[in-house]
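Peer 1: Before I ask anything, here is the structure I am working with.
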Amino acid sequence: MLILHHYPMSPFSEKVRAVLGFKQLAWQSVIIPTIMPKPDMLALTGGYRNTPVLQIGADIYCDTSLICDVLERRAPTPSLFPEGVNSALATIVAQWADSALFWAAMGYNLQKPGMDELFSGLPAQMVKDFAADRSAMATGLARPRPRDATVAYRVYLQRLASMLDGQAFLLGMAPCVADFAAYHPLWFTRNQVPGMASILNTVPVVLGWMARMEAFGHGEMSRLSASESIAICASSERAIGQNDSEFQDDHGIPLGSLVSVAAESFGSEPTVGVLVEATHDHYTLRREDARAGVVRVHFPRIGYALKQEASS
């Protein structure tokens, strides 16, 4: 069973939920806190705290780019890389959407009016805690100022509109991974801070595309508690294997070494474990937790730093 650790207003979670809907997959939902501490999630990841995380038994997949690859392997039809779409181009556009477009959108969305709407009726301390949490996650990350973000967001929306000229989706008549990456920051604008959504009215063709993306739904969801997901991890007898098991050494770090993997930008808390796989597209660390048992934590290579740690 696919288990997604997420929370409702998370834009990157919406990206994965939309992919689950597109592929019409059944999945179990574990709702996690929006800010630290996240003890149940960290029992599985060992340090990584970004949202969402996909769990399959004792395998934990971090980052939505890797999660999309895992879902594509498990359910190749309909494909995130449809016939006629250049898969490398789709991946590059998705990377742009998950970074430049996302940060422009969030810089616009989380201006004071957006924050007031997002946290309307909630205690002021909750807003302060959220802001402090995200500020800590963004240490060292260069983000656009609100006015600059607004300018960039408008430009990017016009570029998306140009891509959609004469076709239903960004790279053709069928959706691909780039569509899901571009959709979720715009979804946040429209669904989480609707008072800021007038910016989308300047690109009606984009609104039509968003309606097509929304129509995919979220698949077949059922609820699961965090403790149940940890018990599933602990009781899993073996981890799911990877299709690509060829070792690729770019760091001079042999398999079996104690290493850490951390995001290079946002949310850079490291996960420490034994390196058991290093392929052309991902790293896998084996770690043990008192509650979750033996866990394999997977990261994409792109956007993550691998470092050898001193053995204790």
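Residue numbers start at 1 in each chain; chains themselves are named A, B, ... in the order of the structure tokens; ligands are numbered from 1 in the order shown.
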Enumerate, in order of chain and increasing residue number, the residues of stretch 58-99 of chain A with an atom no farther than 12 Å from stretch 166-173 of chain A, each with its shortest atom pair and distance in Å to one decimal, counting only C-alpha atoms, as CSV.
Peer 2:
```
residue,atom,partner,partner_atom,distance
A:Leu80,CA,A:Leu171,CA,11.4
A:Phe81,CA,A:Leu171,CA,10.1
A:Pro82,CA,A:Gly172,CA,9.2
A:Glu83,CA,A:Gly172,CA,9.8
A:Gly84,CA,A:Gly172,CA,7.9
A:Val85,CA,A:Leu171,CA,6.5
A:Asn86,CA,A:Leu171,CA,8.5
A:Ser87,CA,A:Leu171,CA,10.1
A:Ala88,CA,A:Leu171,CA,11.7
A:Leu89,CA,A:Leu171,CA,8.8
A:Ala90,CA,A:Leu171,CA,7.5
A:Thr91,CA,A:Leu171,CA,11.2
A:Ile92,CA,A:Leu171,CA,11.8
A:Val93,CA,A:Leu170,CA,9.3
A:Ala94,CA,A:Leu170,CA,10.5
A:Ala97,CA,A:Leu170,CA,11.5
```
Peer 1: Can you tell me which residues surround A:Ala136 at a distance of at most 12 Å, considering only C-alpha atoms, apart from same-chain residues fewer than 3 positions away, and format the answer as a list in words?
Peer 2: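 Neighbouring residues, sequence-local ones excluded: Ile35, Met36, Arg49, Asp129, Phe130, Ala131, Ala132, Asp133, Thr139, Gly140, Leu141, Ser265, Phe266, Gly267, Ser268 and Glu269 of chain A.
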Peer 1: If you run DSSP on the backbone here, which positions in stretch 45-283 of chain A get strand (DSSP E)? Please write them as a PyMOL selection string.
Peer 2: chain A and resi 53-56+59-62+220-223+258-263+271-278+282-283
Peer 1: What parts of stretch 70-305 of chain A does DSSP call helix (DSSP H, G or I)? I'd like the answer as an MDAnalysis selection string.
Peer 2: chainID A and resid 70:74 87:109 112:118 124:137 146:163 177:191 194:202 204:214 226:235
Peer 1: I'd like the contact shell of A:Gly256 - 6 Å cut-off, only C-alpha atoms, skipping same-chain residues fewer than 6 positions apart - returned as JSON, numbers by chain.
Peer 2: {"A": [274, 275, 276]}
Peer 1: Write to file, as an mmCIF file, in the first residue's frame, the residues of the selection just made, with N, CA and C atoms.
Peer 2:
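Saved the output as again36.cif:
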```
data_model
loop_
_atom_site.group_PDB
_atom_site.id
_atom_site.type_symbol
_atom_site.label_atom_id
_atom_site.label_comp_id
_atom_site.auth_asym_id
_atom_site.auth_seq_id
_atom_site.Cartn_x
_atom_site.Cartn_y
_atom_site.Cartn_z
ATOM 1 N N VAL A 274 23.592 4.113 6.637
ATOM 2 C CA VAL A 274 24.584 3.354 5.872
ATOM 3 C C VAL A 274 24.191 3.409 4.396
ATOM 4 N N LEU A 275 25.132 3.777 3.548
ATOM 5 C CA LEU A 275 24.871 3.871 2.111
ATOM 6 C C LEU A 275 24.746 2.461 1.531
ATOM 7 N N VAL A 276 23.568 2.129 1.031
ATOM 8 C CA VAL A 276 23.353 0.786 0.465
ATOM 9 C C VAL A 276 23.068 0.824 -1.022
#
```
Peer 1: Write out as a list in words each polymer residue whose atoms come within 7 Å of A:Leu4, counting only C-alpha atoms; drop sequence neighbours fewer than 3 positions from it.
Peer 2: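 Counting only C-alpha atoms, the residues come to Gln28, Ser29, Val30, Pro52, Val53, Leu54 and Gln55 of chain A.
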Peer 1: Show which residues sit within 7 Å of stretch 285-302 of chain A, as a PDB file with all heavy atoms, in the first residue's frame. Count only C-alpha atoms, and ignore same-chain residues fewer than 2 positions away.
Peer 2:
```pdb
ATOM      1  N   ALA A  43      10.884   9.496  12.812  1.00  0.00           N
ATOM      2  CA  ALA A  43      11.171   8.089  13.106  1.00  0.00           C
ATOM      3  C   ALA A  43      11.383   7.305  11.822  1.00  0.00           C
ATOM      4  O   ALA A  43      12.130   6.322  11.793  1.00  0.00           O
ATOM      5  CB  ALA A  43      10.027   7.481  13.920  1.00  0.00           C
ATOM      6  N   LEU A  44      10.740   7.758  10.749  1.00  0.00           N
ATOM      7  CA  LEU A  44      10.866   7.095   9.451  1.00  0.00           C
ATOM      8  C   LEU A  44      12.013   7.667   8.633  1.00  0.00           C
ATOM      9  O   LEU A  44      12.770   6.922   8.019  1.00  0.00           O
ATOM     10  CB  LEU A  44       9.551   7.225   8.670  1.00  0.00           C
ATOM     11  CG  LEU A  44       8.325   6.587   9.327  1.00  0.00           C
ATOM     12  CD1 LEU A  44       7.057   6.961   8.567  1.00  0.00           C
ATOM     13  CD2 LEU A  44       8.479   5.071   9.401  1.00  0.00           C
ATOM     14  N   THR A  45      12.141   8.997   8.602  1.00  0.00           N
ATOM     15  CA  THR A  45      13.125   9.621   7.719  1.00  0.00           C
ATOM     16  C   THR A  45      14.495   9.781   8.355  1.00  0.00           C
ATOM     17  O   THR A  45      15.496   9.907   7.650  1.00  0.00           O
ATOM     18  CB  THR A  45      12.648  11.010   7.262  1.00  0.00           C
ATOM     19  OG1 THR A  45      12.628  11.898   8.400  1.00  0.00           O
ATOM     20  CG2 THR A  45      11.259  10.946   6.643  1.00  0.00           C
ATOM     21  N   ALA A  58       8.791  -0.608   4.417  1.00  0.00           N
ATOM     22  CA  ALA A  58       9.911  -0.037   5.146  1.00  0.00           C
ATOM     23  C   ALA A  58      10.772   0.857   4.259  1.00  0.00           C
ATOM     24  O   ALA A  58      11.887   1.201   4.628  1.00  0.00           O
ATOM     25  CB  ALA A  58      10.769  -1.152   5.738  1.00  0.00           C
ATOM     26  N   ASP A  59      10.238   1.229   3.097  1.00  0.00           N
ATOM     27  CA  ASP A  59      10.945   2.129   2.193  1.00  0.00           C
ATOM     28  C   ASP A  59      10.318   3.516   2.267  1.00  0.00           C
ATOM     29  O   ASP A  59       9.095   3.670   2.119  1.00  0.00           O
ATOM     30  CB  ASP A  59      10.886   1.611   0.761  1.00  0.00           C
ATOM     31  CG  ASP A  59      11.862   0.480   0.524  1.00  0.00           C
ATOM     32  OD1 ASP A  59      13.013   0.764   0.160  1.00  0.00           O
ATOM     33  OD2 ASP A  59      11.476  -0.693   0.716  1.00  0.00           O
ATOM     34  N   ILE A  60      11.154   4.529   2.475  1.00  0.00           N
ATOM     35  CA  ILE A  60      10.707   5.907   2.616  1.00  0.00           C
ATOM     36  C   ILE A  60      11.316   6.724   1.485  1.00  0.00           C
ATOM     37  O   ILE A  60      12.544   6.769   1.337  1.00  0.00           O
ATOM     38  CB  ILE A  60      11.139   6.496   3.983  1.00  0.00           C
ATOM     39  CG1 ILE A  60      10.704   5.564   5.134  1.00  0.00           C
ATOM     40  CG2 ILE A  60      10.592   7.893   4.152  1.00  0.00           C
ATOM     41  CD1 ILE A  60       9.201   5.349   5.222  1.00  0.00           C
ATOM     42  N   TYR A  61      10.470   7.363   0.700  1.00  0.00           N
ATOM     43  CA  TYR A  61      10.911   8.121  -0.463  1.00  0.00           C
ATOM     44  C   TYR A  61      10.740   9.612  -0.196  1.00  0.00           C
ATOM     45  O   TYR A  61       9.633  10.080   0.097  1.00  0.00           O
ATOM     46  CB  TYR A  61      10.133   7.694  -1.702  1.00  0.00           C
ATOM     47  CG  TYR A  61      10.341   6.242  -2.051  1.00  0.00           C
ATOM     48  CD1 TYR A  61       9.480   5.253  -1.577  1.00  0.00           C
ATOM     49  CD2 TYR A  61      11.428   5.841  -2.819  1.00  0.00           C
ATOM     50  CE1 TYR A  61       9.680   3.911  -1.877  1.00  0.00           C
ATOM     51  CE2 TYR A  61      11.648   4.502  -3.124  1.00  0.00           C
ATOM     52  CZ  TYR A  61      10.772   3.551  -2.645  1.00  0.00           C
ATOM     53  OH  TYR A  61      10.983   2.219  -2.937  1.00  0.00           O
ATOM     54  N   CYS A  62      11.849  10.348  -0.306  1.00  0.00           N
ATOM     55  CA  CYS A  62      11.870  11.780  -0.029  1.00  0.00           C
ATOM     56  C   CYS A  62      11.975  12.561  -1.334  1.00  0.00           C
ATOM     57  O   CYS A  62      12.659  12.131  -2.264  1.00  0.00           O
ATOM     58  CB  CYS A  62      13.063  12.120   0.869  1.00  0.00           C
ATOM     59  SG  CYS A  62      13.091  11.211   2.437  1.00  0.00           S
ATOM     60  N   ASP A  63      11.320  13.711  -1.380  1.00  0.00           N
ATOM     61  CA  ASP A  63      11.316  14.628  -2.512  1.00  0.00           C
ATOM     62  C   ASP A  63      10.315  14.168  -3.579  1.00  0.00           C
ATOM     63  O   ASP A  63      10.295  13.008  -3.979  1.00  0.00           O
ATOM     64  CB  ASP A  63      12.705  14.767  -3.132  1.00  0.00           C
ATOM     65  CG  ASP A  63      12.807  15.981  -4.027  1.00  0.00           C
ATOM     66  OD1 ASP A  63      12.381  15.925  -5.193  1.00  0.00           O
ATOM     67  OD2 ASP A  63      13.294  17.013  -3.554  1.00  0.00           O
ATOM     68  N   LEU A  66      11.482  12.284  -6.851  1.00  0.00           N
ATOM     69  CA  LEU A  66      11.690  10.840  -6.699  1.00  0.00           C
ATOM     70  C   LEU A  66      10.359  10.119  -6.499  1.00  0.00           C
ATOM     71  O   LEU A  66      10.140   9.030  -7.046  1.00  0.00           O
ATOM     72  CB  LEU A  66      12.624  10.567  -5.524  1.00  0.00           C
ATOM     73  CG  LEU A  66      12.945   9.091  -5.241  1.00  0.00           C
ATOM     74  CD1 LEU A  66      13.555   8.422  -6.455  1.00  0.00           C
ATOM     75  CD2 LEU A  66      13.876   8.969  -4.037  1.00  0.00           C
ATOM     76  N   ILE A 230       4.033   3.631  11.313  1.00  0.00           N
ATOM     77  CA  ILE A 230       5.301   3.202  11.899  1.00  0.00           C
ATOM     78  C   ILE A 230       5.282   1.702  12.176  1.00  0.00           C
ATOM     79  O   ILE A 230       6.271   0.998  11.947  1.00  0.00           O
ATOM     80  CB  ILE A 230       5.584   4.008  13.181  1.00  0.00           C
ATOM     81  CG1 ILE A 230       5.865   5.470  12.822  1.00  0.00           C
ATOM     82  CG2 ILE A 230       6.768   3.416  13.955  1.00  0.00           C
ATOM     83  CD1 ILE A 230       5.975   6.388  14.023  1.00  0.00           C
ATOM     84  N   ALA A 231       4.133   1.196  12.633  1.00  0.00           N
ATOM     85  CA  ALA A 231       4.006  -0.246  12.868  1.00  0.00           C
ATOM     86  C   ALA A 231       4.143  -1.029  11.568  1.00  0.00           C
ATOM     87  O   ALA A 231       4.738  -2.115  11.540  1.00  0.00           O
ATOM     88  CB  ALA A 231       2.671  -0.544  13.543  1.00  0.00           C
ATOM     89  N   CYS A 233       5.900  -0.118   8.989  1.00  0.00           N
ATOM     90  CA  CYS A 233       7.329  -0.095   8.677  1.00  0.00           C
ATOM     91  C   CYS A 233       8.075  -1.147   9.498  1.00  0.00           C
ATOM     92  O   CYS A 233       8.868  -1.921   8.970  1.00  0.00           O
ATOM     93  CB  CYS A 233       7.892   1.292   8.953  1.00  0.00           C
ATOM     94  SG  CYS A 233       9.640   1.480   8.542  1.00  0.00           S
ATOM     95  N   ALA A 234       7.793  -1.197  10.791  1.00  0.00           N
ATOM     96  CA  ALA A 234       8.500  -2.115  11.677  1.00  0.00           C
ATOM     97  C   ALA A 234       8.221  -3.577  11.348  1.00  0.00           C
ATOM     98  O   ALA A 234       9.086  -4.438  11.541  1.00  0.00           O
ATOM     99  CB  ALA A 234       8.121  -1.833  13.129  1.00  0.00           C
ATOM    100  N   GLY A 273      22.821   7.480   7.776  1.00  0.00           N
ATOM    101  CA  GLY A 273      22.620   6.039   7.687  1.00  0.00           C
ATOM    102  C   GLY A 273      23.724   5.397   6.879  1.00  0.00           C
ATOM    103  O   GLY A 273      24.686   6.065   6.455  1.00  0.00           O
ATOM    104  N   VAL A 274      23.592   4.113   6.637  1.00  0.00           N
ATOM    105  CA  VAL A 274      24.584   3.354   5.872  1.00  0.00           C
ATOM    106  C   VAL A 274      24.191   3.409   4.396  1.00  0.00           C
ATOM    107  O   VAL A 274      23.043   3.129   4.033  1.00  0.00           O
ATOM    108  CB  VAL A 274      24.655   1.899   6.364  1.00  0.00           C
ATOM    109  CG1 VAL A 274      25.593   1.083   5.479  1.00  0.00           C
ATOM    110  CG2 VAL A 274      25.122   1.857   7.817  1.00  0.00           C
ATOM    111  N   LEU A 275      25.132   3.777   3.548  1.00  0.00           N
ATOM    112  CA  LEU A 275      24.871   3.871   2.111  1.00  0.00           C
ATOM    113  C   LEU A 275      24.746   2.461   1.531  1.00  0.00           C
ATOM    114  O   LEU A 275      25.708   1.684   1.543  1.00  0.00           O
ATOM    115  CB  LEU A 275      26.012   4.626   1.425  1.00  0.00           C
ATOM    116  CG  LEU A 275      25.862   4.848  -0.080  1.00  0.00           C
ATOM    117  CD1 LEU A 275      24.685   5.773  -0.370  1.00  0.00           C
ATOM    118  CD2 LEU A 275      27.154   5.411  -0.669  1.00  0.00           C
ATOM    119  N   VAL A 276      23.568   2.129   1.031  1.00  0.00           N
ATOM    120  CA  VAL A 276      23.353   0.786   0.465  1.00  0.00           C
ATOM    121  C   VAL A 276      23.068   0.824  -1.022  1.00  0.00           C
ATOM    122  O   VAL A 276      23.145  -0.215  -1.688  1.00  0.00           O
ATOM    123  CB  VAL A 276      22.212   0.048   1.204  1.00  0.00           C
ATOM    124  CG1 VAL A 276      22.609  -0.267   2.637  1.00  0.00           C
ATOM    125  CG2 VAL A 276      20.916   0.825   1.154  1.00  0.00           C
ATOM    126  N   ASP A 281      20.482   7.969 -10.362  1.00  0.00           N
ATOM    127  CA  ASP A 281      19.442   8.944 -10.029  1.00  0.00           C
ATOM    128  C   ASP A 281      19.068   9.012  -8.557  1.00  0.00           C
ATOM    129  O   ASP A 281      18.310   9.897  -8.168  1.00  0.00           O
ATOM    130  CB  ASP A 281      18.179   8.688 -10.861  1.00  0.00           C
ATOM    131  CG  ASP A 281      17.554   7.323 -10.596  1.00  0.00           C
ATOM    132  OD1 ASP A 281      18.080   6.558  -9.754  1.00  0.00           O
ATOM    133  OD2 ASP A 281      16.533   7.018 -11.234  1.00  0.00           O
ATOM    134  N   HIS A 282      19.566   8.098  -7.713  1.00  0.00           N
ATOM    135  CA  HIS A 282      19.162   8.166  -6.309  1.00  0.00           C
ATOM    136  C   HIS A 282      20.201   7.562  -5.372  1.00  0.00           C
ATOM    137  O   HIS A 282      21.078   6.813  -5.792  1.00  0.00           O
ATOM    138  CB  HIS A 282      17.817   7.449  -6.102  1.00  0.00           C
ATOM    139  CG  HIS A 282      17.930   5.950  -6.086  1.00  0.00           C
ATOM    140  ND1 HIS A 282      17.881   5.174  -7.214  1.00  0.00           N
ATOM    141  CD2 HIS A 282      18.117   5.079  -5.054  1.00  0.00           C
ATOM    142  CE1 HIS A 282      18.018   3.901  -6.896  1.00  0.00           C
ATOM    143  NE2 HIS A 282      18.167   3.808  -5.587  1.00  0.00           N
ATOM    144  N   TYR A 283      20.073   7.960  -4.099  1.00  0.00           N
ATOM    145  CA  TYR A 283      20.824   7.357  -3.004  1.00  0.00           C
ATOM    146  C   TYR A 283      19.836   6.631  -2.094  1.00  0.00           C
ATOM    147  O   TYR A 283      18.699   7.063  -1.922  1.00  0.00           O
ATOM    148  CB  TYR A 283      21.533   8.416  -2.140  1.00  0.00           C
ATOM    149  CG  TYR A 283      22.444   9.350  -2.877  1.00  0.00           C
ATOM    150  CD1 TYR A 283      22.162  10.712  -2.931  1.00  0.00           C
ATOM    151  CD2 TYR A 283      23.617   8.899  -3.479  1.00  0.00           C
ATOM    152  CE1 TYR A 283      23.018  11.598  -3.584  1.00  0.00           C
ATOM    153  CE2 TYR A 283      24.472   9.769  -4.136  1.00  0.00           C
ATOM    154  CZ  TYR A 283      24.157  11.121  -4.189  1.00  0.00           C
ATOM    155  OH  TYR A 283      24.997  11.989  -4.832  1.00  0.00           O
ATOM    156  N   TYR A 304      20.474  17.164  -3.716  1.00  0.00           N
ATOM    157  CA  TYR A 304      20.847  16.602  -2.418  1.00  0.00           C
ATOM    158  C   TYR A 304      22.351  16.356  -2.368  1.00  0.00           C
ATOM    159  O   TYR A 304      22.978  15.980  -3.359  1.00  0.00           O
ATOM    160  CB  TYR A 304      20.082  15.301  -2.136  1.00  0.00           C
ATOM    161  CG  TYR A 304      18.626  15.583  -1.879  1.00  0.00           C
ATOM    162  CD1 TYR A 304      17.758  15.810  -2.938  1.00  0.00           C
ATOM    163  CD2 TYR A 304      18.137  15.692  -0.587  1.00  0.00           C
ATOM    164  CE1 TYR A 304      16.424  16.130  -2.716  1.00  0.00           C
ATOM    165  CE2 TYR A 304      16.809  16.007  -0.353  1.00  0.00           C
ATOM    166  CZ  TYR A 304      15.961  16.228  -1.422  1.00  0.00           C
ATOM    167  OH  TYR A 304      14.645  16.560  -1.194  1.00  0.00           O
TER     168      TYR A 304
END
```
Peer 1: Record the distance separating atom CA of A:Ser65 and atom CA of A:Ser13, expressed in Å with one decimal.
Peer 2: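 Spanning atom CA of A:Ser65 to atom CA of A:Ser13 is a straight-line distance of 11.6 Å.
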Peer 1: At what distance in Å, to one decimal, does atom CA of A:Leu207 lie from atom CA of A:Gly121?
Peer 2: 28.9 Å
Peer 1: Please list as a PyMOL selection string every residue within 10 Å of A:Asp250, counting only C-alpha atoms and excluding residues in the same chain fewer than 3 positions away.
Peer 2: chain A and resi 247+253-254+278-280+306
Peer 1: Create the file for the chosen residues now, containing C-alpha atoms and written as a JSON list (two decimals), in the first residue's frame.
Peer 2:
```json
[["chain", "number", "residue", "atom", "x", "y", "z"],
["A", 247, "PHE", "CA", 26.44, 1.32, -8.21],
["A", 253, "ILE", "CA", 32.44, 6.70, -0.90],
["A", 254, "PRO", "CA", 32.05, 2.91, -0.96],
["A", 278, "ALA", "CA", 24.00, 4.91, -5.19],
["A", 279, "THR", "CA", 22.64, 4.76, -8.72],
["A", 280, "HIS", "CA", 22.59, 7.35, -11.48],
["A", 306, "LEU", "CA", 26.02, 13.16, 0.00]]
```
Peer 1: What does the distance from atom CA of A:Phe216 to atom CA of A:Gly107 come to in Å, to one decimal?
Peer 2: 27.2 Å
Peer 1: Select, from A:Trp27, A:Ser222, A:Asn50, A:Ile3, the residue with the minimum atom-to-atom distance to A:Ala138, counting only C-alpha atoms.
Peer 2: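 The shortest atom-to-atom distance to A:Ala138 comes from A:Asn50.
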Peer 1: Measuring between only C-alpha atoms, which one of A:Ala100, A:Ala142, A:Ala174, A:Ala182 shows the shortest distance to A:Phe22?
Peer 2: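 Using only C-alpha atoms, the shortest distance to A:Phe22 belongs to A:Ala174.
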Peer 1: Using only C-alpha atoms, pick whichever of A:Arg73, A:His251, A:His6, A:Arg143 has the shortest atom-to-atom distance to A:Ser225.
Peer 2: A:His6
Peer 1: Closest to A:Met106 among A:Gly217, A:Pro146, A:Pro8, A:Pro76, using only C-alpha atoms?
Peer 2: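 So, comparing all the options, the nearest one is A:Pro146.
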